[in-house]
$ cat work07.cif   # mmCIF, C-alpha atoms
data_start
loop_
_atom_site.group_PDB
_atom_site.id
_atom_site.type_symbol
_atom_site.label_atom_id
_atom_site.label_comp_id
_atom_site.auth_asym_id
_atom_site.auth_seq_id
_atom_site.Cartn_x
_atom_site.Cartn_y
_atom_site.Cartn_z
ATOM 1 C CA MET K 185 -4.840 9.417 14.676
ATOM 2 C CA ILE K 186 -7.859 11.738 15.042
ATOM 3 C CA LEU K 187 -9.161 12.709 18.487
ATOM 4 C CA THR K 188 -12.569 14.306 18.965
ATOM 5 C CA HIS K 189 -13.458 15.747 22.350
ATOM 6 C CA ARG K 190 -16.780 16.595 23.964
ATOM 7 C CA ASN K 191 -18.005 16.997 27.516
ATOM 8 C CA ILE K 192 -21.255 15.831 29.058
ATOM 9 C CA GLU K 193 -22.079 16.902 32.619
ATOM 10 C CA GLY K 194 -18.405 17.271 33.529
ATOM 11 C CA ILE K 195 -17.373 13.943 32.032
ATOM 12 C CA ASP K 196 -14.897 14.136 29.151
ATOM 13 C CA ILE K 197 -15.568 11.884 26.178
ATOM 14 C CA VAL K 198 -12.754 11.481 23.673
ATOM 15 C CA SER K 199 -13.352 9.535 20.467
ATOM 16 C CA LEU K 200 -10.242 8.143 18.811
ATOM 17 C CA ALA K 201 -10.061 7.129 15.163
ATOM 18 C CA GLY K 202 -7.203 5.265 13.503
ATOM 19 C CA ARG K 203 -4.477 2.925 14.740
ATOM 20 C CA LEU K 204 -3.139 3.543 18.245
ATOM 21 C CA VAL K 205 0.433 2.360 17.728
ATOM 22 C CA MET K 206 3.979 3.379 18.560
ATOM 23 C CA ALA K 207 4.159 6.086 15.897
ATOM 24 C CA ASP K 208 1.114 7.898 17.332
ATOM 25 C CA VAL K 209 1.690 7.360 21.027
ATOM 26 C CA PRO K 210 3.560 10.561 22.056
ATOM 27 C CA GLU K 211 0.936 12.884 20.560
ATOM 28 C CA VAL K 212 -2.088 10.913 21.775
ATOM 29 C CA ARG K 213 -0.660 10.487 25.279
ATOM 30 C CA GLN K 214 0.026 14.210 25.571
ATOM 31 C CA LYS K 215 -3.454 15.206 24.364
ATOM 32 C CA LEU K 216 -5.247 12.781 26.663
ATOM 33 C CA LEU K 217 -3.162 13.751 29.684
ATOM 34 C CA VAL K 218 -4.001 17.405 29.033
ATOM 35 C CA THR K 219 -7.691 16.472 28.867
ATOM 36 C CA VAL K 220 -7.463 14.728 32.242
ATOM 37 C CA GLU K 221 -5.415 17.525 33.767
ATOM 38 C CA GLN K 222 -7.815 20.248 32.634
ATOM 39 C CA GLY K 223 -10.984 18.282 33.293
ATOM 40 C CA SER K 224 -12.623 16.468 36.170
ATOM 41 C CA GLY K 225 -10.504 13.330 35.787
ATOM 42 C CA LYS K 226 -13.570 11.410 34.616
ATOM 43 C CA LEU K 227 -12.919 10.233 31.075
ATOM 44 C CA ILE K 228 -14.625 7.979 28.563
ATOM 45 C CA LEU K 229 -12.479 6.787 25.665
ATOM 46 C CA ASP K 230 -14.633 5.849 22.677
ATOM 47 C CA LEU K 231 -12.536 3.369 20.691
ATOM 48 C CA ALA K 232 -15.157 2.442 18.093
ATOM 49 C CA GLU K 233 -12.943 3.698 15.287
ATOM 50 C CA VAL K 234 -9.695 2.237 16.615
ATOM 51 C CA GLY K 235 -9.119 -0.834 14.522
ATOM 52 C CA PHE K 236 -5.790 -1.817 16.022
ATOM 53 C CA MET K 237 -3.735 -1.070 19.113
ATOM 54 C CA ASP K 238 -0.326 -2.324 20.243
ATOM 55 C CA SER K 239 1.311 -2.462 23.671
ATOM 56 C CA SER K 240 2.514 1.121 23.369
ATOM 57 C CA GLY K 241 -1.107 2.114 22.822
ATOM 58 C CA LEU K 242 -2.012 0.183 25.945
ATOM 59 C CA SER K 243 0.631 2.159 27.815
ATOM 60 C CA VAL K 244 -1.264 5.325 26.853
ATOM 61 C CA LEU K 245 -4.450 3.944 28.390
ATOM 62 C CA VAL K 246 -2.573 3.034 31.568
ATOM 63 C CA SER K 247 -0.898 6.464 31.776
ATOM 64 C CA VAL K 248 -4.249 8.177 31.418
ATOM 65 C CA PHE K 249 -5.807 5.856 34.001
ATOM 66 C CA LYS K 250 -3.057 6.695 36.509
ATOM 67 C CA ALA K 251 -3.506 10.430 35.874
ATOM 68 C CA ALA K 252 -7.269 10.136 36.321
ATOM 69 C CA ARG K 253 -6.924 8.142 39.543
ATOM 70 C CA ALA K 254 -4.546 10.817 40.870
ATOM 71 C CA LYS K 255 -7.497 13.216 40.553
ATOM 72 C CA SER K 256 -9.880 10.695 42.128
ATOM 73 C CA GLY K 257 -11.346 10.138 38.683
ATOM 74 C CA ASP K 258 -11.679 7.091 36.470
ATOM 75 C CA VAL K 259 -11.419 5.999 32.839
ATOM 76 C CA ALA K 260 -14.024 3.900 31.039
ATOM 77 C CA LEU K 261 -13.596 2.316 27.622
ATOM 78 C CA LEU K 262 -16.433 2.409 25.130
ATOM 79 C CA HIS K 263 -17.154 0.496 21.903
ATOM 80 C CA LEU K 264 -14.129 -1.790 21.647
ATOM 81 C CA SER K 265 -13.474 -3.403 18.286
ATOM 82 C CA PRO K 266 -12.886 -7.170 18.393
ATOM 83 C CA THR K 267 -9.138 -6.749 17.881
ATOM 84 C CA VAL K 268 -8.768 -4.139 20.620
ATOM 85 C CA ARG K 269 -10.979 -6.181 22.953
ATOM 86 C CA SER K 270 -8.782 -9.237 22.424
ATOM 87 C CA LEU K 271 -5.669 -7.176 23.230
ATOM 88 C CA ILE K 272 -7.280 -5.808 26.397
ATOM 89 C CA GLU K 273 -8.267 -9.324 27.453
ATOM 90 C CA LEU K 274 -4.838 -10.793 26.656
ATOM 91 C CA THR K 275 -3.302 -8.254 29.027
ATOM 92 C CA ARG K 276 -6.184 -8.654 31.514
ATOM 93 C CA LEU K 277 -6.747 -4.919 31.571
ATOM 94 C CA GLN K 278 -10.498 -5.535 31.650
ATOM 95 C CA GLN K 279 -9.822 -5.888 35.389
ATOM 96 C CA VAL K 280 -8.731 -2.249 35.411
ATOM 97 C CA PHE K 281 -10.982 -0.526 32.908
ATOM 98 C CA PRO K 282 -14.764 -0.731 32.969
ATOM 99 C CA ILE K 283 -15.828 -1.551 29.414
ATOM 100 C CA PHE K 284 -19.139 -0.550 27.854
ATOM 101 C CA ASP K 285 -20.971 -0.887 24.567
ATOM 102 C CA ASP K 286 -23.416 1.844 25.521
ATOM 103 C CA GLU K 287 -22.453 5.470 26.172
ATOM 104 C CA ALA K 288 -25.302 6.085 28.618
ATOM 105 C CA ALA K 289 -24.101 3.178 30.765
ATOM 106 C CA ALA K 290 -20.531 4.504 30.702
ATOM 107 C CA LEU K 291 -21.757 7.963 31.753
ATOM 108 C CA ALA K 292 -23.812 6.452 34.565
ATOM 109 C CA ARG K 293 -20.735 4.599 35.842
ATOM 110 C CA LEU K 294 -18.626 7.762 36.005
ATOM 111 C CA ARG K 295 -21.260 10.112 37.477
ATOM 112 C CA MET P 146 2.903 -26.776 -0.168
ATOM 113 C CA THR P 147 4.837 -24.042 1.650
ATOM 114 C CA ARG P 148 4.581 -20.474 0.396
ATOM 115 C CA THR P 149 6.868 -17.643 1.458
ATOM 116 C CA ILE P 150 6.987 -13.879 1.054
ATOM 117 C CA THR P 151 9.651 -11.545 2.449
ATOM 118 C CA LEU P 152 9.121 -7.828 3.039
ATOM 119 C CA ALA P 153 11.566 -5.147 4.129
ATOM 120 C CA ILE P 154 10.970 -1.780 5.790
ATOM 121 C CA GLU P 155 13.109 0.997 7.196
ATOM 122 C CA SER P 156 13.419 1.113 10.987
ATOM 123 C CA ARG P 157 10.819 3.834 11.499
ATOM 124 C CA ALA P 158 7.658 3.442 13.543
ATOM 125 C CA GLU P 159 5.651 5.016 10.724
ATOM 126 C CA CYS P 160 6.670 2.160 8.388
ATOM 127 C CA ILE P 161 5.333 -0.634 10.593
ATOM 128 C CA GLU P 162 1.758 -0.160 9.421
ATOM 129 C CA LEU P 163 2.937 -1.097 5.923
ATOM 130 C CA LEU P 164 3.741 -4.553 7.274
ATOM 131 C CA SER P 165 0.377 -4.671 9.030
ATOM 132 C CA GLY P 166 -1.393 -3.810 5.795
ATOM 133 C CA ALA P 167 0.472 -6.512 3.917
ATOM 134 C CA LEU P 168 -0.258 -9.053 6.651
ATOM 135 C CA CYS P 169 -3.970 -8.191 6.653
ATOM 136 C CA GLY P 170 -4.095 -8.682 2.898
ATOM 137 C CA LEU P 171 -2.329 -12.028 3.140
ATOM 138 C CA CYS P 172 -4.570 -13.203 5.984
ATOM 139 C CA GLN P 173 -7.648 -12.228 3.982
ATOM 140 C CA LEU P 174 -6.326 -14.033 0.920
ATOM 141 C CA LEU P 175 -5.625 -17.177 2.924
ATOM 142 C CA ALA P 176 -8.690 -16.929 5.217
ATOM 143 C CA LEU P 177 -6.604 -16.697 8.387
ATOM 144 C CA PRO P 178 -7.479 -14.790 11.600
ATOM 145 C CA THR P 179 -5.581 -11.522 11.506
ATOM 146 C CA ALA P 180 -5.680 -10.212 15.090
ATOM 147 C CA PRO P 181 -3.236 -12.454 17.007
ATOM 148 C CA ILE P 182 -0.778 -12.578 14.137
ATOM 149 C CA GLU P 183 -0.837 -8.803 13.651
ATOM 150 C CA ILE P 184 -0.330 -8.210 17.373
ATOM 151 C CA ALA P 185 2.722 -10.520 17.408
ATOM 152 C CA LEU P 186 4.150 -9.006 14.233
ATOM 153 C CA VAL P 187 3.737 -5.381 15.328
ATOM 154 C CA GLU P 188 5.193 -6.066 18.789
ATOM 155 C CA ALA P 189 8.190 -7.846 17.281
ATOM 156 C CA VAL P 190 8.941 -5.024 14.855
ATOM 157 C CA ASN P 191 8.303 -2.398 17.562
ATOM 158 C CA ASN P 192 11.013 -4.098 19.617
ATOM 159 C CA VAL P 193 13.440 -3.986 16.702
ATOM 160 C CA VAL P 194 12.827 -0.282 16.050
ATOM 161 C CA GLU P 195 12.863 0.724 19.715
ATOM 162 C CA HIS P 196 15.487 -1.578 21.205
ATOM 163 C CA ALA P 197 17.677 -3.116 18.480
ATOM 164 C CA TYR P 198 18.038 0.173 16.591
ATOM 165 C CA HIS P 199 17.341 2.484 19.570
ATOM 166 C CA GLY P 200 14.749 4.449 17.585
ATOM 167 C CA GLU P 201 17.265 5.326 14.882
ATOM 168 C CA PRO P 202 15.774 5.349 11.345
ATOM 169 C CA GLY P 203 17.517 4.150 8.213
ATOM 170 C CA HIS P 204 18.208 0.553 9.204
ATOM 171 C CA PRO P 205 16.676 -2.533 7.603
ATOM 172 C CA VAL P 206 13.993 -4.742 9.120
ATOM 173 C CA TRP P 207 13.042 -7.885 7.215
ATOM 174 C CA VAL P 208 9.893 -9.909 7.803
ATOM 175 C CA GLU P 209 9.417 -13.336 6.287
ATOM 176 C CA PHE P 210 5.952 -14.921 6.222
ATOM 177 C CA GLU P 211 5.934 -18.643 5.566
ATOM 178 C CA TRP P 212 2.674 -20.552 5.230
ATOM 179 C CA ALA P 213 3.135 -24.276 5.671
ATOM 180 C CA PRO P 214 0.218 -26.725 5.507
ATOM 181 C CA ASP P 215 -0.110 -26.875 9.275
ATOM 182 C CA CYS P 216 1.432 -23.652 10.570
ATOM 183 C CA LEU P 217 2.314 -20.050 9.914
ATOM 184 C CA ASN P 218 5.919 -19.021 10.520
ATOM 185 C CA LEU P 219 7.011 -15.408 10.907
ATOM 186 C CA ARG P 220 10.654 -14.413 11.060
ATOM 187 C CA VAL P 221 11.669 -10.856 11.932
ATOM 188 C CA ARG P 222 15.326 -10.054 11.224
ATOM 189 C CA ASP P 223 17.482 -7.046 12.013
ATOM 190 C CA CYS P 224 21.143 -6.081 12.244
ATOM 191 C CA GLY P 225 20.883 -4.036 15.422
ATOM 192 C CA GLN P 226 21.799 -4.657 19.031
ATOM 193 C CA PRO P 227 20.870 -8.212 20.009
ATOM 194 C CA MET P 228 18.437 -8.914 22.798
ATOM 195 C CA ALA P 229 20.119 -9.909 26.063
ATOM 196 C CA PRO P 230 20.669 -13.690 26.238
ATOM 197 C CA GLY P 231 17.874 -15.461 28.068
ATOM 198 C CA ARG P 232 15.541 -12.447 28.050
ATOM 199 C CA LEU P 233 12.909 -14.140 25.920
ATOM 200 C CA GLU P 234 12.957 -17.322 27.973
ATOM 201 C CA ALA P 235 12.814 -15.354 31.224
ATOM 202 C CA MET P 236 9.775 -13.349 30.183
ATOM 203 C CA ALA P 237 6.987 -14.261 32.589
ATOM 204 C CA PRO P 238 3.322 -14.461 31.553
ATOM 205 C CA LEU P 239 1.355 -11.256 32.015
ATOM 206 C CA ALA P 240 0.357 -10.823 35.635
ATOM 207 C CA ASP P 241 -3.112 -9.831 36.782
ATOM 208 C CA PRO P 242 -3.209 -6.046 37.236
ATOM 209 C CA ASP P 243 -4.820 -4.561 40.317
ATOM 210 C CA PRO P 244 -6.634 -1.261 39.653
ATOM 211 C CA ASP P 245 -6.169 -0.285 43.290
ATOM 212 C CA ASP P 246 -2.419 -0.913 43.199
ATOM 213 C CA LEU P 247 -1.002 1.286 40.460
ATOM 214 C CA ALA P 248 2.424 -0.325 40.860
ATOM 215 C CA THR P 249 1.034 -3.498 39.247
ATOM 216 C CA LEU P 250 0.220 -1.606 36.059
ATOM 217 C CA SER P 251 3.620 -1.988 34.482
ATOM 218 C CA LEU P 252 4.063 -0.117 31.230
ATOM 219 C CA ARG P 253 7.145 -2.049 30.189
ATOM 220 C CA SER P 254 7.868 -5.446 28.704
ATOM 221 C CA ARG P 255 4.342 -6.191 27.548
ATOM 222 C CA GLY P 256 5.513 -6.719 23.961
ATOM 223 C CA LEU P 257 7.392 -9.983 24.393
ATOM 224 C CA SER P 258 4.711 -11.370 26.690
ATOM 225 C CA LEU P 259 2.062 -10.543 24.101
ATOM 226 C CA ILE P 260 4.066 -12.255 21.378
ATOM 227 C CA LYS P 261 4.326 -15.382 23.508
ATOM 228 C CA SER P 262 0.572 -15.224 24.177
ATOM 229 C CA CYS P 263 -0.331 -14.900 20.499
ATOM 230 C CA MET P 264 2.037 -17.463 19.013
ATOM 231 C CA ASP P 265 2.611 -21.123 19.850
ATOM 232 C CA LYS P 266 6.382 -21.095 19.546
ATOM 233 C CA VAL P 267 8.821 -18.175 19.822
ATOM 234 C CA GLU P 268 12.589 -18.427 19.457
ATOM 235 C CA TYR P 269 15.383 -15.880 19.200
ATOM 236 C CA GLU P 270 18.812 -16.183 17.655
ATOM 237 C CA ALA P 271 21.642 -13.690 17.229
ATOM 238 C CA ARG P 272 24.267 -14.934 14.803
ATOM 239 C CA ASP P 273 26.855 -13.264 12.554
ATOM 240 C CA GLY P 274 25.409 -9.806 13.159
ATOM 241 C CA VAL P 275 21.844 -10.780 12.269
ATOM 242 C CA ASN P 276 19.131 -11.180 14.902
ATOM 243 C CA THR P 277 16.145 -13.384 14.123
ATOM 244 C CA LEU P 278 12.921 -13.675 16.105
ATOM 245 C CA SER P 279 11.075 -16.745 14.836
ATOM 246 C CA MET P 280 7.384 -17.116 15.677
ATOM 247 C CA SER P 281 5.130 -19.985 14.770
ATOM 248 C CA ARG P 282 1.374 -20.452 15.065
ATOM 249 C CA ALA P 283 -0.355 -23.729 14.360
ATOM 250 C CA LEU P 284 -3.267 -23.538 11.945
ATOM 251 C CA VAL P 285 -6.458 -25.338 12.825
ATOM 252 C CA VAL P 286 -8.055 -27.344 10.039
ATOM 253 C CA SER P 287 -10.288 -24.484 8.905
ATOM 254 C CA GLU P 288 -7.262 -22.148 8.803
ATOM 255 C CA SER P 289 -4.819 -24.437 6.998
ATOM 256 C CA VAL P 290 -3.827 -23.709 3.422
#

$ encode --input "work07.cif" --output "structure tokens"
Amino acid sequence: MILTHRNIEGIDIVSLAGRLVMADVPEVRQKLLVTVEQGSGKLILDLAEVGFMDSSGLSVLVSVFKAARAKSGDVALLHLSPTVRSLIELTRLQQVFPIFDDEAAALARLR
Amino acid sequence: MTRTITLAIESRAECIELLSGALCGLCQLLALPTAPIEIALVEAVNNVVEHAYHGEPGHPVWVEFEWAPDCLNLRVRDCGQPMAPGRLEAMAPLADPDPDDLATLSLRSRGLSLIKSCMDKVEYEARDGVNTLSMSRALVVSESV
């Protein structure tokens, strides 16, 4: 899995590309937690290039959300593929994560 | 007509995407929706690798895909530690998480609940050293083969 990081006005934006599944979870979790720890705690995860995610991938999102909340931050999800969106909705995590199709709207939410 | 294909992988997380790739190809060939079936398959095999074989590589995992005229049957078999009796039946539906109550964001046990959400019928049997998780999904008219 490839992670690309940038920062806009103190908000971290990480784009993920590939499958977020059990085999990739330890590395991705560690990298995202470091991003939250070293940043403001405000994080946008751009999942446009994530074609599939399993429950272990979901556990990464939840871990990162908990870390961000511990810093009074938040995590927004951007550009969900249909498969990832269906997984999020099956687990009702849309009640936890704000979901956007537009980066400007996600940035406005976290400012 | 019922058509069947059986695949085998080693019990390594990195091998599971091979099953996903095969499933996607089969779903495309047969014009079936991939997402719910792939979620159920990956969660089932994740459980085998993580729990039945305790993350130990080198053990066999078999997956049988059976397309009947009115349903798709998946059977995931392993020779590892069986699931505790009654665990599947006791698995409650996924609860609504509360973003303001982090304790409700459980990281565990989502796999079996997801499988039950994606498939119409899920059964588990441990017999003679072989564990079998059988999953079935009815095909709507436009999906049937």

$ residues_around --input "work07.cif" --residues "Phe284 in chain K" --least-positions-apart "4" --cutoff "10 Å" --atoms "all atoms listed in the file" --output "PyMOL selection string"
chain K and resi 228+230+260-264+288-291+293

$ write_last_selection --input "work07.cif" --atoms "C-alpha atoms" --output "CSV table (one decimal), in the frame of the given file"
chain,number,residue,atom,x,y,z
K,228,ILE,CA,-14.6,8.0,28.6
K,230,ASP,CA,-14.6,5.8,22.7
K,260,ALA,CA,-14.0,3.9,31.0
K,261,LEU,CA,-13.6,2.3,27.6
K,262,LEU,CA,-16.4,2.4,25.1
K,263,HIS,CA,-17.2,0.5,21.9
K,264,LEU,CA,-14.1,-1.8,21.6
K,288,ALA,CA,-25.3,6.1,28.6
K,289,ALA,CA,-24.1,3.2,30.8
K,290,ALA,CA,-20.5,4.5,30.7
K,291,LEU,CA,-21.8,8.0,31.8
K,293,ARG,CA,-20.7,4.6,35.8

$ interface_residues --input "work07.cif" --of "chain P" --to "chain K" --cutoff "8 Å" --atoms "only C-alpha atoms" --output "PDB file with C-alpha atoms, in the frame of the given file"
ATOM      1  CA  ALA P 158       7.658   3.442  13.543  1.00  0.00           C
ATOM      2  CA  GLU P 159       5.651   5.016  10.724  1.00  0.00           C
ATOM      3  CA  ALA P 180      -5.680 -10.212  15.090  1.00  0.00           C
ATOM      4  CA  ILE P 184      -0.330  -8.210  17.373  1.00  0.00           C
ATOM      5  CA  VAL P 187       3.737  -5.381  15.328  1.00  0.00           C
ATOM      6  CA  GLU P 188       5.193  -6.066  18.789  1.00  0.00           C
ATOM      7  CA  ASN P 191       8.303  -2.398  17.562  1.00  0.00           C
ATOM      8  CA  LEU P 239       1.355 -11.256  32.015  1.00  0.00           C
ATOM      9  CA  ALA P 240       0.357 -10.823  35.635  1.00  0.00           C
ATOM     10  CA  ASP P 241      -3.112  -9.831  36.782  1.00  0.00           C
ATOM     11  CA  PRO P 242      -3.209  -6.046  37.236  1.00  0.00           C
ATOM     12  CA  ASP P 243      -4.820  -4.561  40.317  1.00  0.00           C
ATOM     13  CA  PRO P 244      -6.634  -1.261  39.653  1.00  0.00           C
ATOM     14  CA  LEU P 247      -1.002   1.286  40.460  1.00  0.00           C
ATOM     15  CA  LEU P 250       0.220  -1.606  36.059  1.00  0.00           C
ATOM     16  CA  LEU P 252       4.063  -0.117  31.230  1.00  0.00           C
ATOM     17  CA  ARG P 255       4.342  -6.191  27.548  1.00  0.00           C
ATOM     18  CA  GLY P 256       5.513  -6.719  23.961  1.00  0.00           C
ATOM     19  CA  LEU P 259       2.062 -10.543  24.101  1.00  0.00           C
ATOM     20  CA  SER P 262       0.572 -15.224  24.177  1.00  0.00           C
TER      21      SER P 262
END

$ atom_distance --input "work07.cif" --atom1 "CA of Ile186 in chain K" --atom2 "CA of Glu233 in chain K"
9.5 Å

$ atom_distance --input "work07.cif" --atom1 "CA of Arg272 in chain P" --atom2 "CA of Gln226 in chain P"
11.4 Å

$ resolve_selection --input "work07.cif" --expression "the PyMOL selection byres ((chain K and resi 185) around 9)" --output "ChimeraX atom specification"
/K:186-187,200-204,208,211-212,234

$ write_last_selection --input "work07.cif" --atoms "C-alpha atoms" --output "short mmCIF file (atom, residue, chain, number, x, y, z; two decimals), in the frame of the given file"
data_model
loop_
_atom_site.label_atom_id
_atom_site.label_comp_id
_atom_site.auth_asym_id
_atom_site.auth_seq_id
_atom_site.Cartn_x
_atom_site.Cartn_y
_atom_site.Cartn_z
CA ILE K 186 -7.86 11.74 15.04
CA LEU K 187 -9.16 12.71 18.49
CA LEU K 200 -10.24 8.14 18.81
CA ALA K 201 -10.06 7.13 15.16
CA GLY K 202 -7.20 5.26 13.50
CA ARG K 203 -4.48 2.92 14.74
CA LEU K 204 -3.14 3.54 18.24
CA ASP K 208 1.11 7.90 17.33
CA GLU K 211 0.94 12.88 20.56
CA VAL K 212 -2.09 10.91 21.78
CA VAL K 234 -9.70 2.24 16.61
#

$ residues_around --input "work07.cif" --residues "Gly170 in chain P" --least-positions-apart "6" --cutoff "10 Å" --atoms "all atoms listed in the file" --output "list in words"
Leu164, Ala176 and Thr179 of chain P

$ atom_distance --input "work07.cif" --atom1 "CA of Trp212 in chain P" --atom2 "CA of Thr149 in chain P"
6.3 Å

$ closest_residue --input "work07.cif" --among "K:Ile192, K:Leu217, K:Ala232, K:Val198" --to "Arg295 in chain K" --atoms "only C-alpha atoms"
K:Ile192

$ resolve_selection --input "work07.cif" --expression "the PyMOL selection byres ((chain P and resi 276-280) around 10)" --output "MDAnalysis selection string"
chainID P and resid 182 185:186 189:190 193 197 207:210 217:228 233 260:261 263:275 281:282
